[in-house]
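What follows is a single structure, written as structure tokens, with notes after it.
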Amino acid sequence: MDFKQIQELVKMINKSNISELSIEQDKFKITIKQKDNEVQQVIAVPAAAAPIQTVAAVAPAAAPVQAAAAPAAAPSAPKADNLITIKSPMIGTFYRSAGPDKAPFINVGDEVTAGKVVCIIEAMKLFNEIESEVSGKIVKVLVDDATPVEYDQPLFLVEP
């Protein structure tokens with residue numbers, strides 16, 4: 001089972017009424033638990049490996065980021081109608097650049113095109129480049145660098 005398949009399982013569980021799903025294949029076991037329509041824990045265990053890899057949803061850490069973004073967006077509410085949100089396709093750690101000494105992929109005011117890398121999300125020691133699905137101008141970065149993010153959490157606001 002690869003990372004994309006795990007990601008699809010998380011999406012399906014998130015949209016369903018299933019509270020827990022366990023799958024075992026050969027030497028691999030995965031358990032996904034959900035509480036109140038929010039994926040809470042994903043555990044992937046290779047049977048041959050001793051350590052357990054765990055990616056847990058960190059709702060308390062994500063909540064302050066979303067709460068801080070809401071007051072900032074309120075003054076520009078009339079413009080917010082036409083803004084498009086780029087959301088996180090997975091749970092992980094958000095990075096604006098490829099490394100600590102590298103320039104950010106994008107900054108506020110930059111023009112992006114569909115397919116351009118806008119950030120990296122690290123999940124289970126894998127660094128996933130996140131590409132924009134829309135073209136436009138970056139109006140706001142909603143998440144701080146090196147911060148945990150949830151599945152479907154808003155990352156950027158784009159003006160088409």
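Each chain in the structure tokens gets a letter, A, B and so on, in the order shown; residues start at 1 in every chain, and ligands are counted from 1 in the order they appear.
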**Request:** Quick one: everything within 12 Å of Pro104 (chain A), counting only C-alpha atoms, minus sequence neighbours fewer than 5 positions away in the same chain. Send it as number ranges by chain.
**Result:** A: 94-99, 110, 117-120, 141, 144-145
For the selection just defined, write its residues with N, CA and C atoms to a file, as an mmCIF file, in the first residue's frame.
```
data_model
loop_
_atom_site.group_PDB
_atom_site.id
_atom_site.type_symbol
_atom_site.label_atom_id
_atom_site.label_comp_id
_atom_site.auth_asym_id
_atom_site.auth_seq_id
_atom_site.Cartn_x
_atom_site.Cartn_y
_atom_site.Cartn_z
ATOM 1 N N PHE A 94 3.736 21.575 7.436
ATOM 2 C CA PHE A 94 3.768 22.529 6.332
ATOM 3 C C PHE A 94 5.117 23.242 6.284
ATOM 4 N N TYR A 95 5.725 23.295 5.095
ATOM 5 C CA TYR A 95 6.963 24.050 4.893
ATOM 6 C C TYR A 95 6.802 24.932 3.662
ATOM 7 N N ARG A 96 7.184 26.201 3.793
ATOM 8 C CA ARG A 96 7.079 27.145 2.674
ATOM 9 C C ARG A 96 8.238 27.026 1.697
ATOM 10 N N SER A 97 9.358 26.418 2.115
ATOM 11 C CA SER A 97 10.529 26.312 1.248
ATOM 12 C C SER A 97 11.082 24.890 1.278
ATOM 13 N N ALA A 98 12.018 24.624 0.356
ATOM 14 C CA ALA A 98 12.600 23.291 0.250
ATOM 15 C C ALA A 98 13.615 23.012 1.359
ATOM 16 N N GLY A 99 14.048 24.040 2.051
ATOM 17 C CA GLY A 99 15.005 23.879 3.145
ATOM 18 C C GLY A 99 15.078 25.144 3.967
ATOM 19 N N ASP A 110 2.865 37.153 -5.122
ATOM 20 C CA ASP A 110 3.388 36.380 -6.253
ATOM 21 C C ASP A 110 2.246 35.851 -7.111
ATOM 22 N N VAL A 117 4.571 24.532 -7.765
ATOM 23 C CA VAL A 117 4.739 24.088 -6.380
ATOM 24 C C VAL A 117 4.609 25.299 -5.464
ATOM 25 N N VAL A 118 3.718 25.197 -4.461
ATOM 26 C CA VAL A 118 3.487 26.313 -3.536
ATOM 27 C C VAL A 118 4.035 26.029 -2.140
ATOM 28 N N CYS A 119 4.223 24.747 -1.791
ATOM 29 C CA CYS A 119 4.757 24.396 -0.476
ATOM 30 C C CYS A 119 5.107 22.915 -0.463
ATOM 31 N N ILE A 120 5.625 22.483 0.677
ATOM 32 C CA ILE A 120 5.908 21.063 0.904
ATOM 33 C C ILE A 120 5.182 20.657 2.179
ATOM 34 N N VAL A 141 -0.966 33.968 3.070
ATOM 35 C CA VAL A 141 -0.481 32.665 3.518
ATOM 36 C C VAL A 141 -1.117 32.444 4.883
ATOM 37 N N ASP A 144 1.747 29.180 9.299
ATOM 38 C CA ASP A 144 3.151 29.480 9.576
ATOM 39 C C ASP A 144 4.025 28.310 9.152
ATOM 40 N N ASP A 145 5.277 28.622 8.814
ATOM 41 C CA ASP A 145 6.237 27.605 8.403
ATOM 42 C C ASP A 145 6.486 26.610 9.541
#
```
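Residues in contact with Ala123 (chain A) at up to 7 Å, not including ones fewer than 3 positions away on its chain and judged by only C-alpha atoms, are Ile91, Gly92, Thr93, Leu126 and Phe127 of chain A.
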**Prompt:** So which one's closest to Glu111 (chain A), A:Asp81, A:Glu159, A:Tyr151, A:Val143? Using only C-alpha atoms, please.
**Reply:** A:Glu159
**Nearest to Pro160 (chain A) by atom-to-atom distance, counting only C-alpha atoms, from A:Thr147, A:Ser132, A:Gln34, A:Asn82** =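 Of all the options, A:Asn82 lies closest to Pro160 (chain A).
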**Prompt:** Which one of A:Thr31, A:Gly136, A:Ser22, A:Ala146 sits closest to Pro100 (chain A) if you count only C-alpha atoms?
**Reply:**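 The closest residue to Pro100 (chain A) is A:Ala146.
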**Prompt:** Which value, in Å to one decimal, gives the distance between CA of Lys33 (chain A) and CA of Glu8 (chain A)?
**Reply:**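 Separation of CA of Lys33 (chain A) and CA of Glu8 (chain A): 14.2 Å.
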Hey, what does DSSP flag as strand (DSSP E) within region 67-144 of chain A? Can you give it to me as a compact mmCIF listing (two decimals) with N, CA and C atoms, in the first residue's frame?
```txt
# COMPACT_ATOMS: atom_id res chain seq x y z
N ILE A 84 -9.95 32.18 -3.94
CA ILE A 84 -9.93 30.73 -4.01
C ILE A 84 -8.95 30.24 -2.94
N THR A 85 -9.31 29.18 -2.25
CA THR A 85 -8.46 28.64 -1.19
C THR A 85 -7.70 27.42 -1.69
N ILE A 86 -6.39 27.42 -1.46
CA ILE A 86 -5.59 26.22 -1.69
C ILE A 86 -5.55 25.49 -0.36
N LYS A 87 -6.01 24.23 -0.35
CA LYS A 87 -6.12 23.47 0.89
C LYS A 87 -5.11 22.33 0.93
N GLY A 92 0.08 16.61 7.89
CA GLY A 92 1.54 16.62 7.94
C GLY A 92 2.07 17.94 8.47
N THR A 93 3.34 18.21 8.18
CA THR A 93 3.98 19.46 8.59
C THR A 93 4.20 20.32 7.37
N PHE A 94 3.74 21.57 7.44
CA PHE A 94 3.77 22.53 6.33
C PHE A 94 5.12 23.24 6.28
N TYR A 95 5.73 23.30 5.10
CA TYR A 95 6.96 24.05 4.89
C TYR A 95 6.80 24.93 3.66
N GLU A 111 2.51 35.75 -8.40
CA GLU A 111 1.57 35.13 -9.33
C GLU A 111 1.87 33.63 -9.39
N VAL A 112 0.84 32.81 -9.29
CA VAL A 112 1.01 31.37 -9.41
C VAL A 112 0.19 30.87 -10.60
N VAL A 117 4.57 24.53 -7.77
CA VAL A 117 4.74 24.09 -6.38
C VAL A 117 4.61 25.30 -5.46
N VAL A 118 3.72 25.20 -4.46
CA VAL A 118 3.49 26.31 -3.54
C VAL A 118 4.04 26.03 -2.14
N CYS A 119 4.22 24.75 -1.79
CA CYS A 119 4.76 24.40 -0.48
C CYS A 119 5.11 22.91 -0.46
N ILE A 120 5.62 22.48 0.68
CA ILE A 120 5.91 21.06 0.90
C ILE A 120 5.18 20.66 2.18
N ILE A 121 4.59 19.47 2.17
CA ILE A 121 4.01 18.91 3.39
C ILE A 121 4.72 17.59 3.66
N GLU A 122 5.33 17.52 4.85
CA GLU A 122 6.02 16.31 5.26
C GLU A 122 5.03 15.41 5.99
N ALA A 123 4.94 14.18 5.52
CA ALA A 123 4.06 13.20 6.17
C ALA A 123 4.80 11.87 6.20
N LEU A 126 8.08 11.56 4.45
CA LEU A 126 8.05 11.81 3.01
C LEU A 126 7.73 13.28 2.78
N PHE A 127 8.49 13.92 1.90
CA PHE A 127 8.26 15.32 1.59
C PHE A 127 7.46 15.40 0.29
N ASN A 128 6.23 15.90 0.39
CA ASN A 128 5.31 15.95 -0.74
C ASN A 128 5.18 17.38 -1.23
N GLU A 129 5.53 17.60 -2.50
CA GLU A 129 5.37 18.93 -3.09
C GLU A 129 3.90 19.15 -3.39
N ILE A 130 3.36 20.26 -2.91
CA ILE A 130 1.96 20.59 -3.13
C ILE A 130 1.90 21.62 -4.25
N GLU A 131 1.15 21.29 -5.29
CA GLU A 131 1.03 22.17 -6.45
C GLU A 131 -0.29 22.91 -6.41
N GLY A 136 -3.42 32.54 -10.35
CA GLY A 136 -3.81 33.82 -9.76
C GLY A 136 -2.70 34.41 -8.91
N LYS A 137 -3.08 35.36 -8.08
CA LYS A 137 -2.14 36.08 -7.23
C LYS A 137 -2.33 35.64 -5.77
N ILE A 138 -1.24 35.30 -5.09
CA ILE A 138 -1.30 34.90 -3.68
C ILE A 138 -1.64 36.14 -2.85
N VAL A 139 -2.77 36.08 -2.14
CA VAL A 139 -3.23 37.20 -1.32
C VAL A 139 -2.80 37.01 0.14
N LYS A 140 -2.81 35.76 0.61
CA LYS A 140 -2.49 35.52 2.01
C LYS A 140 -1.97 34.10 2.21
N VAL A 141 -0.97 33.97 3.07
CA VAL A 141 -0.48 32.66 3.52
C VAL A 141 -1.12 32.44 4.88
```
**Request:** Skip Gln5 (chain A) itself and residues of its chain fewer than 5 positions away, then list as a list in words all residues within 12 Å of it, counting only C-alpha atoms.
**Result:**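 Once the nearby chain positions are removed, what remains is Val10, Lys11, Met12, Ile23, Ile30 and Met90 of chain A.
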